[in-house]
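Chemist: The structure's right below; bear with me while I get my questions together.
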Number of protein chains: 2
Amino acid sequence: MRNILLELKYLGTEYHGWQVQDNAHTVQEELQNAVELILSKREPITGCSRTDAGVHANMYCCTLRTESEIECYKLQGALNAKLPPDISVVDCKDMPEDFHPRYSCTAKQYKYKIYNQSARNPFYEGRALHYRPKIDVEFLNEQAKDFIGTYDFTSFCSIKTDIEDTVRTVYNASVTVEDDLVVFTVVADGFLYNMVRIMVGTLLFISEGKRAEGSIKEIIEKKDRKAAGITAKACGLYLDKVYYGGDFVG
Amino acid sequence: MRNILLELKYLGTEYHGWQVQDNAHTVQEELQNAVELILSKREPITGCSRTDAGVHANMYCCTLRTESEIECYKLQGALNAKLPPDISVVDCKDMPEDFHPRYSCTAKQYKYKIYNQSARNPFYEGRALHYRPKIDVEFLNEQAKDFIGTYDFTSFCSIKTDIEDTVRTVYNASVTVEDDLVVFTVVADGFLYNMVRIMVGTLLFISEGKRAEGSIKEIIEKKDRKAAGITAKACGLYLDKVYYGGDFVG
């Protein structure tokens with residue numbers, strides 16, 4: 001059985017996230033339909049993570065298990081011909097049998113893009129958060145450093161479950177300027193549900209004085225979703241990089 | 001009579017260009033409708049240039065003549081509330097009576113964006129030309145320098161008219177890398193119909209060996225549209241900057 005890694009980019013605006021759901025348009029469904037058209041068989045596709053409705057991916061990894069002998073470059077070309085313009089396969093290669101897009105992943109990087117000008121920018125519609133109050137980038141960058149470390153991130157998780165392990169290790173967190181955007185970048189070994197969006201909502205609360213300067217450690221310690229800020233809109237969020245094995249050593 | 005300058009950004013994908021036409025959706029029409037809703041009167045709006053269907057604007061200037069006493073910041077806010085998300089008013093200010101968005105303009109800068117990778121990028125769909133053959137940026141940048149100067153650009157104009165003066169001065173022309181795009185930037189005192197898109201089509205013809213290295217001067221001299229390359233797709237073109245008076249001295 002082949003284990004083919006597909007690396008995707010997608011604009012999430014029109015999708016109800018990655019994962020197949022009843023009565024919802026998803027990226028996984030589009031990909032499965034395209035594979036079925038090409039291989040004349042419905043083959044299992046496994047993704048590296050769920051993404052929320054409206055969230056984008058600069059890099060998303062998934063695997064396709066198949067007995068087909070189609071060459072990778074042909075499969076990639078055929079998929080790109082069948083897929084809608086908002087999804088693209090940028091790489092396609094055979095992996096060892098034991099490679100798993102989720103379990104083999106050592107870290108993920110997300111970016112959250114903010115357009116911080118008073119008038120909206122049509123080019124960032126659905127692609128960045130339009131946020132008007134002036135952000136002090138250097139100040140927020142200092143605040144964001146407090147996310148770095150191994151903590152129970154319950155305060156930064158939308159859904160509380162008893163079973164799930166809520167401890168994650170954040171390797172890096174920063175706020176920088178990229179072109180005309182303010183960008184929050186975060187790398188961790190894993191992320192809880194809505195974690196990045198709540199981190200951003202909390203940073204913006206600190207920026208607005210709704211949470212105190214230097215309060216992130218305290219918010220983490222409280223293990224209470226209500227201690228953190230709001231969940232920032234999905235449209236600014238990008239799964240930016242997925243690390244495997246030696247690619248990233250935290 | 002007030003003479004209000006509106007500076008816009010727009011994503012041209014859904015529009016049949018700037019200028020009002022019968023049975024076509026245009027940017028000017030959207031703006032006039034929004035102004036009419038706000039001022040309860042249809043007021044004349046004059047643009048700095050036509051743009052083709054699907055062409056974008058990072059900066060587009062137009063003027064609104066009105067007797068209304070509405071404050072500029074209020075007009076801007078109201079327009080942005082009424083306009084569709086793909087058009088934004090980024091500045092609004094009163095200008096002297098004799099300011100004219102087209103005649104007062106001393107130069108314009110266009111950018112043409114090319115995504116030069118084999119797999120398409122969903123984020124550039126409708127926003128850059130997807131062009132697969134590898135571009136030698138340094139080589140094309142050298143070629144592009146031959147556009148600089150004052151010439152009859154008939155070879156780079158789609159529609160031939162006897163009356164029109166086809167002499168233009170190109171102040172600058174370059175091919176550079178910006179992020180993950182190859183960008184052709186050109187500044188001139190004015191542009192003929194489809195001029196930038198034919199310049200790009202010609203550069204790509206040179207890149208492909210369909211026109212000789214160093215042939216641009218010769219193509220200009222021929223004053224024949226057939227001597228140049230194809231007209232590159234509209235989706236990669238951006239009106240990027242409009243210069244007035246002292247802003248730009250060629």
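Lettering and numbering for the structure tokens are positional, with chains as A, B, ... in the shown order, residues counted from 1 in each chain, and ligands counted from 1 in the shown order.
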Give me the residues near Gly209 in chain A as a VMD selection string, where near means some atom within 12 Å (using only C-alpha atoms) and where sequence neighbours in that chain fewer than 6 positions away do not count.
Modeler: chain A and resid 133 135 140 202 to 203 215 229
Chemist: Pull all heavy atoms from the residues just selected and write them as a PDB file, in the first residue's frame.
Modeler:
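The resulting file, result.pdb, is shown below:
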```pdb
ATOM      1  N   PRO A 133      -7.935  50.080  16.021  1.00  0.00           N
ATOM      2  CA  PRO A 133      -7.114  50.754  17.046  1.00  0.00           C
ATOM      3  C   PRO A 133      -5.634  50.459  16.835  1.00  0.00           C
ATOM      4  O   PRO A 133      -5.258  49.323  16.543  1.00  0.00           O
ATOM      5  CB  PRO A 133      -7.611  50.112  18.358  1.00  0.00           C
ATOM      6  CG  PRO A 133      -8.964  49.542  18.046  1.00  0.00           C
ATOM      7  CD  PRO A 133      -8.917  49.155  16.593  1.00  0.00           C
ATOM      8  N   ILE A 135      -2.018  49.378  16.948  1.00  0.00           N
ATOM      9  CA  ILE A 135      -1.285  48.364  17.699  1.00  0.00           C
ATOM     10  C   ILE A 135       0.166  48.808  17.891  1.00  0.00           C
ATOM     11  O   ILE A 135       0.822  49.232  16.938  1.00  0.00           O
ATOM     12  CB  ILE A 135      -1.309  47.006  16.944  1.00  0.00           C
ATOM     13  CG1 ILE A 135      -2.733  46.445  16.917  1.00  0.00           C
ATOM     14  CG2 ILE A 135      -0.335  46.009  17.584  1.00  0.00           C
ATOM     15  CD1 ILE A 135      -2.883  45.189  16.063  1.00  0.00           C
ATOM     16  N   LEU A 140       3.334  44.533  21.973  1.00  0.00           N
ATOM     17  CA  LEU A 140       2.622  43.243  21.881  1.00  0.00           C
ATOM     18  C   LEU A 140       3.582  42.078  21.684  1.00  0.00           C
ATOM     19  O   LEU A 140       3.338  40.968  22.155  1.00  0.00           O
ATOM     20  CB  LEU A 140       1.585  43.259  20.760  1.00  0.00           C
ATOM     21  CG  LEU A 140       0.177  43.735  21.113  1.00  0.00           C
ATOM     22  CD1 LEU A 140      -0.843  43.175  20.134  1.00  0.00           C
ATOM     23  CD2 LEU A 140      -0.241  43.387  22.539  1.00  0.00           C
ATOM     24  N   THR A 202      -6.661  37.693  23.059  1.00  0.00           N
ATOM     25  CA  THR A 202      -6.117  38.111  24.350  1.00  0.00           C
ATOM     26  C   THR A 202      -5.069  39.204  24.174  1.00  0.00           C
ATOM     27  O   THR A 202      -5.059  40.202  24.905  1.00  0.00           O
ATOM     28  CB  THR A 202      -5.508  36.887  25.083  1.00  0.00           C
ATOM     29  OG1 THR A 202      -6.518  35.886  25.181  1.00  0.00           O
ATOM     30  CG2 THR A 202      -5.016  37.266  26.473  1.00  0.00           C
ATOM     31  N   LEU A 203      -4.209  39.040  23.168  1.00  0.00           N
ATOM     32  CA  LEU A 203      -3.221  40.089  22.879  1.00  0.00           C
ATOM     33  C   LEU A 203      -3.934  41.409  22.543  1.00  0.00           C
ATOM     34  O   LEU A 203      -3.522  42.478  23.002  1.00  0.00           O
ATOM     35  CB  LEU A 203      -2.309  39.666  21.713  1.00  0.00           C
ATOM     36  CG  LEU A 203      -1.262  38.608  22.048  1.00  0.00           C
ATOM     37  CD1 LEU A 203      -0.615  38.069  20.771  1.00  0.00           C
ATOM     38  CD2 LEU A 203      -0.181  39.173  22.986  1.00  0.00           C
ATOM     39  N   SER A 215      -0.052  40.125  31.725  1.00  0.00           N
ATOM     40  CA  SER A 215      -1.011  39.239  32.414  1.00  0.00           C
ATOM     41  C   SER A 215      -1.125  37.841  31.809  1.00  0.00           C
ATOM     42  O   SER A 215      -1.882  37.008  32.303  1.00  0.00           O
ATOM     43  CB  SER A 215      -2.395  39.893  32.439  1.00  0.00           C
ATOM     44  OG  SER A 215      -2.876  40.081  31.116  1.00  0.00           O
ATOM     45  N   GLY A 229      -8.985  36.581  26.394  1.00  0.00           N
ATOM     46  CA  GLY A 229      -9.773  37.501  25.568  1.00  0.00           C
ATOM     47  C   GLY A 229     -10.716  36.748  24.636  1.00  0.00           C
ATOM     48  O   GLY A 229     -10.867  35.522  24.750  1.00  0.00           O
TER      49      GLY A 229
END
```
Chemist: As a tab-separated table (two decimals) with all heavy atoms, in the first residue's frame, please: the residues near Arg102 in chain A (cut-off 8 Å, only C-alpha atoms, same-chain neighbours under 5 positions excluded).
Modeler:
```
chain	number	residue	atom	x	y	z
A	47	GLY	N	-5.68	13.95	7.25
A	47	GLY	CA	-5.08	15.28	7.35
A	47	GLY	C	-4.21	15.46	8.57
A	47	GLY	O	-4.23	14.65	9.51
A	48	CYS	N	-3.42	16.56	8.59
A	48	CYS	CA	-2.52	16.83	9.72
A	48	CYS	C	-3.25	17.50	10.87
A	48	CYS	O	-2.75	17.53	11.98
A	48	CYS	CB	-1.34	17.69	9.27
A	48	CYS	SG	-1.78	19.33	8.67
A	49	SER	N	-4.41	18.10	10.60
A	49	SER	CA	-5.18	18.73	11.67
A	49	SER	C	-6.52	19.17	11.09
A	49	SER	O	-6.67	19.24	9.87
A	49	SER	CB	-4.46	19.95	12.23
A	49	SER	OG	-4.54	21.03	11.33
```
Chemist: Distance limit 10 Å, atoms considered: only C-alpha atoms. Which chain A residues sit that close to chain B? Return them as a ChimeraX atom specification.
Modeler: /A:8-12,56-58,76-77,80,84-91,117-127,179
Chemist: Here is a test: counting only C-alpha atoms, which residue of B:Pro101, B:Val186, B:Asp136, B:Cys61 is nearest to Ile206 in chain B?
Modeler: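 Selected residue with least distance to Ile206 in chain B: B:Asp136.
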Chemist: For each of A:Arg132, A:Lys145, A:Arg2, A:Arg50, take the minimum atom-to-atom distance to Leu64 in chain A, counting only C-alpha atoms, then give the residue where this is smallest.
Modeler: A:Arg2
Chemist: Can you list, as a ChimeraX atom specification, every protein, DNA or RNA residue that comes within 9 Å of Leu31 in chain A when you count only C-alpha atoms, leaving out same-chain residues fewer than 5 positions away?
Modeler: /A:26,36,45,79,82-83,87
Chemist: Would you mind writing down, as a ChimeraX atom specification, each residue of range 34-226 of chain B that DSSP on the backbone assigns to strand (DSSP E or B)?
Modeler: /B:45-47,56-66,87-95,105-115,129-130,149-152,167-178,181-188
Chemist: With only C-alpha atoms as the counted atoms, please give the residues lying no more than 8 Å from Arg197 in chain B, apart from itself and same-chain residues fewer than 3 positions off, as a ChimeraX atom specification.
Modeler: /B:112,194,200-201,231-234,237
Chemist: Any chance you could lay chain B over chain A, fitting all C-alpha atoms in order by least squares, and write the moved chain as a compact mmCIF listing (two decimals) with C-alpha atoms, in the first residue's frame?
Modeler:
```txt
# COMPACT_ATOMS: atom_id res chain seq x y z
CA MET B 1 0.00 0.02 0.01
CA ARG B 2 1.42 3.39 -0.95
CA ASN B 3 1.39 6.27 1.52
CA ILE B 4 1.44 9.47 -0.55
CA LEU B 5 2.00 12.84 1.08
CA LEU B 6 0.06 15.70 -0.49
CA GLU B 7 1.12 19.19 0.48
CA LEU B 8 -1.67 21.72 -0.09
CA LYS B 9 -2.31 25.43 -0.05
CA TYR B 10 -5.88 26.57 0.32
CA LEU B 11 -7.90 29.70 0.73
CA GLY B 12 -10.39 28.68 3.40
CA THR B 13 -13.03 31.37 2.82
CA GLU B 14 -15.51 29.11 1.03
CA TYR B 15 -14.93 26.06 3.22
CA HIS B 16 -16.27 24.78 6.45
CA GLY B 17 -12.71 23.81 7.39
CA TRP B 18 -10.71 20.75 6.44
CA GLN B 19 -12.66 17.83 7.78
CA VAL B 20 -15.57 16.12 5.99
CA GLN B 21 -18.90 16.88 7.65
CA ASP B 22 -22.51 16.32 6.69
CA ASN B 23 -24.10 19.20 4.79
CA ALA B 24 -20.93 21.29 4.78
CA HIS B 25 -18.46 22.09 2.05
CA THR B 26 -14.98 21.04 3.17
CA VAL B 27 -11.46 20.88 1.75
CA GLN B 28 -11.11 17.17 2.48
CA GLU B 29 -14.30 16.45 0.58
CA GLU B 30 -13.09 18.37 -2.48
CA LEU B 31 -9.81 16.46 -2.37
CA GLN B 32 -11.50 13.09 -1.95
CA ASN B 33 -13.80 13.83 -4.88
CA ALA B 34 -10.86 14.81 -7.07
CA VAL B 35 -8.93 11.66 -6.09
CA GLU B 36 -11.98 9.52 -6.84
CA LEU B 37 -12.33 11.07 -10.30
CA ILE B 38 -8.67 10.38 -11.08
CA LEU B 39 -8.20 6.92 -9.51
CA SER B 40 -11.79 5.76 -10.07
CA LYS B 41 -11.83 4.68 -6.45
CA ARG B 42 -12.61 6.37 -3.14
CA GLU B 43 -9.34 6.23 -1.21
CA PRO B 44 -8.76 7.26 2.40
CA ILE B 45 -7.21 10.70 3.00
CA THR B 46 -5.86 11.69 6.42
CA GLY B 47 -5.07 15.29 7.35
CA CYS B 48 -2.51 16.82 9.71
CA SER B 49 -5.18 18.72 11.67
CA ARG B 50 -8.68 20.10 11.53
CA THR B 51 -8.94 23.71 10.55
CA ASP B 52 -11.94 25.92 11.33
CA ALA B 53 -14.35 27.37 8.81
CA GLY B 54 -12.70 30.28 6.98
CA VAL B 55 -9.16 29.44 8.11
CA HIS B 56 -6.48 29.30 5.39
CA ALA B 57 -3.45 27.11 4.83
CA ASN B 58 -0.12 28.11 3.34
CA MET B 59 0.96 24.57 4.03
CA TYR B 60 -1.34 21.69 4.85
CA CYS B 61 -0.19 18.06 4.82
CA CYS B 62 -2.33 15.01 4.26
CA THR B 63 -1.74 11.47 3.12
CA LEU B 64 -3.50 9.33 0.58
CA ARG B 65 -3.34 5.55 0.91
CA THR B 66 -3.74 3.76 -2.38
CA GLU B 67 -2.68 0.70 -4.39
CA SER B 68 -2.65 2.85 -7.55
CA GLU B 69 0.67 2.99 -9.39
CA ILE B 70 0.10 6.49 -10.75
CA GLU B 71 3.30 8.55 -10.77
CA CYS B 72 3.37 11.36 -8.23
CA TYR B 73 3.86 14.22 -10.72
CA LYS B 74 0.93 12.91 -12.78
CA LEU B 75 -1.28 12.64 -9.71
CA GLN B 76 -0.35 16.18 -8.68
CA GLY B 77 -1.09 17.59 -12.15
CA ALA B 78 -4.39 15.71 -12.41
CA LEU B 79 -5.47 16.85 -8.93
CA ASN B 80 -4.69 20.48 -9.74
CA ALA B 81 -6.73 20.16 -12.92
CA LYS B 82 -9.75 18.78 -11.01
CA LEU B 83 -9.55 20.84 -7.81
CA PRO B 84 -11.26 24.23 -7.55
CA PRO B 85 -8.94 27.27 -7.87
CA ASP B 86 -8.91 27.90 -4.12
CA ILE B 87 -7.14 24.59 -3.39
CA SER B 88 -3.76 23.63 -4.85
CA VAL B 89 -1.47 20.61 -4.47
CA VAL B 90 2.05 22.06 -4.28
CA ASP B 91 3.91 18.83 -3.59
CA CYS B 92 3.22 15.11 -3.89
CA LYS B 93 5.59 12.34 -2.82
CA ASP B 94 5.72 8.76 -1.58
CA MET B 95 6.43 8.39 2.12
CA PRO B 96 7.40 5.39 4.28
CA GLU B 97 4.51 3.19 5.42
CA ASP B 98 4.69 4.49 9.00
CA PHE B 99 4.51 8.20 8.14
CA HIS B 100 1.38 9.79 9.60
CA PRO B 101 0.47 13.42 8.83
CA ARG B 102 -0.75 14.05 12.38
CA TYR B 103 1.27 11.70 14.61
CA SER B 104 4.58 12.22 12.79
CA CYS B 105 4.23 15.98 13.07
CA THR B 106 6.71 17.53 15.53
CA ALA B 107 5.46 21.12 15.39
CA LYS B 108 3.14 23.46 13.55
CA GLN B 109 3.45 27.15 12.82
CA TYR B 110 0.41 29.38 12.56
CA LYS B 111 0.28 33.00 11.46
CA TYR B 112 -2.50 35.41 12.29
CA LYS B 113 -2.65 38.45 10.01
CA ILE B 114 -4.03 41.82 11.09
CA TYR B 115 -4.60 44.80 8.81
CA ASN B 116 -4.18 47.68 11.24
CA GLN B 117 -5.33 50.72 9.26
CA SER B 118 -8.49 52.75 9.61
CA ALA B 119 -9.82 52.24 6.05
CA ARG B 120 -10.32 48.62 5.05
CA ASN B 121 -8.16 47.07 2.33
CA PRO B 122 -10.08 45.15 -0.37
CA PHE B 123 -7.06 42.90 -0.96
CA TYR B 124 -7.24 41.59 2.62
CA GLU B 125 -10.99 41.03 2.70
CA GLY B 126 -11.44 37.54 4.22
CA ARG B 127 -7.64 37.21 4.42
CA ALA B 128 -6.72 39.32 7.45
CA LEU B 129 -8.51 40.78 10.44
CA HIS B 130 -9.34 44.44 9.87
CA TYR B 131 -8.54 46.01 13.24
CA ARG B 132 -8.57 49.81 13.61
CA PRO B 133 -7.12 50.75 17.05
CA LYS B 134 -3.39 51.35 16.62
CA ILE B 135 -1.28 48.35 17.69
CA ASP B 136 2.07 48.94 19.40
CA VAL B 137 3.89 46.05 17.70
CA GLU B 138 6.97 46.10 19.92
CA PHE B 139 4.83 46.12 23.06
CA LEU B 140 2.62 43.23 21.89
CA ASN B 141 5.69 41.29 20.79
CA GLU B 142 6.99 41.56 24.37
CA GLN B 143 3.62 40.39 25.72
CA ALA B 144 3.49 37.44 23.32
CA LYS B 145 6.80 36.05 24.64
CA ASP B 146 4.88 34.95 27.78
CA PHE B 147 3.13 32.26 25.72
CA ILE B 148 6.48 30.49 25.24
CA GLY B 149 6.89 27.40 27.40
CA THR B 150 5.13 24.20 28.41
CA TYR B 151 1.79 24.95 30.04
CA ASP B 152 -1.76 23.76 30.48
CA PHE B 153 -3.46 26.04 27.93
CA THR B 154 -7.04 25.40 29.12
CA SER B 155 -7.65 29.18 29.24
CA PHE B 156 -6.95 29.22 25.51
CA CYS B 157 -9.30 26.43 24.48
CA SER B 158 -12.93 26.90 23.41
CA ILE B 159 -14.18 23.44 24.27
CA LYS B 160 -13.38 21.82 27.58
CA THR B 161 -13.11 18.07 27.69
CA ASP B 162 -12.05 16.04 30.71
CA ILE B 163 -10.15 13.50 28.71
CA GLU B 164 -8.00 15.66 26.52
CA ASP B 165 -4.50 16.54 27.57
CA THR B 166 -4.45 20.33 27.53
CA VAL B 167 -0.70 20.72 28.01
CA ARG B 168 1.15 22.09 25.00
CA THR B 169 4.65 23.42 24.40
CA VAL B 170 4.88 26.75 22.63
CA TYR B 171 8.36 27.07 21.10
CA ASN B 172 8.01 30.54 19.74
CA ALA B 173 5.51 33.40 19.74
CA SER B 174 6.05 36.83 18.24
CA VAL B 175 4.30 39.89 16.84
CA THR B 176 6.02 41.48 13.85
CA VAL B 177 5.33 43.67 10.85
CA GLU B 178 5.23 41.88 7.47
CA ASP B 179 4.63 44.27 4.57
CA ASP B 180 1.54 46.27 5.56
CA LEU B 181 0.29 43.68 8.07
CA VAL B 182 0.81 43.02 11.77
CA VAL B 183 1.46 39.29 12.11
CA PHE B 184 1.28 37.04 15.18
CA THR B 185 3.41 33.94 14.58
CA VAL B 186 3.30 30.97 16.92
CA VAL B 187 5.04 27.59 16.81
CA ALA B 188 3.99 24.76 19.12
CA ASP B 189 4.01 20.98 19.31
CA GLY B 190 0.24 21.11 19.05
CA PHE B 191 -2.72 23.44 19.44
CA LEU B 192 -6.00 23.19 21.34
CA TYR B 193 -9.32 24.08 19.73
CA ASN B 194 -9.27 27.81 18.79
CA MET B 195 -6.00 28.27 20.71
CA VAL B 196 -4.33 30.67 18.26
CA ARG B 197 -7.47 32.75 17.79
CA ILE B 198 -7.90 33.11 21.58
CA MET B 199 -4.20 34.02 21.94
CA VAL B 200 -4.76 36.81 19.38
CA GLY B 201 -7.99 37.92 21.05
CA THR B 202 -6.12 38.10 24.35
CA LEU B 203 -3.21 40.09 22.89
CA LEU B 204 -5.74 42.55 21.43
CA PHE B 205 -7.47 42.77 24.83
CA ILE B 206 -4.08 43.67 26.36
CA SER B 207 -3.55 46.21 23.57
CA GLU B 208 -6.92 47.76 24.44
CA GLY B 209 -6.27 47.71 28.19
CA LYS B 210 -9.03 45.15 28.80
CA ARG B 211 -6.38 42.83 30.23
CA ALA B 212 -3.31 44.05 32.11
CA GLU B 213 0.17 44.35 30.63
CA GLY B 214 2.12 41.20 31.50
CA SER B 215 -1.03 39.23 32.41
CA ILE B 216 -0.60 36.28 30.04
CA LYS B 217 1.19 34.01 32.55
CA GLU B 218 -1.57 34.72 35.07
CA ILE B 219 -4.30 34.00 32.49
CA ILE B 220 -2.61 30.68 31.68
CA GLU B 221 -2.44 29.79 35.40
CA LYS B 222 -6.18 30.39 35.85
CA LYS B 223 -7.05 27.52 33.48
CA ASP B 224 -10.29 29.33 32.75
CA ARG B 225 -11.45 30.30 29.28
CA LYS B 226 -13.13 33.42 30.70
CA ALA B 227 -9.78 34.78 31.90
CA ALA B 228 -8.56 35.12 28.30
CA GLY B 229 -9.78 37.49 25.57
CA ILE B 230 -12.27 36.86 22.78
CA THR B 231 -11.75 34.39 19.95
CA ALA B 232 -10.42 36.46 17.04
CA LYS B 233 -12.15 35.96 13.67
CA ALA B 234 -11.14 32.96 11.58
CA CYS B 235 -10.33 34.96 8.43
CA GLY B 236 -6.91 36.12 9.71
CA LEU B 237 -5.63 32.64 10.56
CA TYR B 238 -3.20 30.63 8.41
CA LEU B 239 -1.75 27.21 9.09
CA ASP B 240 1.68 28.24 7.83
CA LYS B 241 4.07 25.35 8.28
CA VAL B 242 3.93 21.72 9.40
CA TYR B 243 7.17 20.23 10.70
CA TYR B 244 8.09 16.56 10.56
CA GLY B 245 10.93 14.69 12.27
CA GLY B 246 14.28 16.40 11.99
CA ASP B 247 12.71 19.48 10.38
CA PHE B 248 11.96 20.93 13.74
CA VAL B 249 13.51 20.08 17.04
CA GLY B 250 11.80 22.14 19.70
```
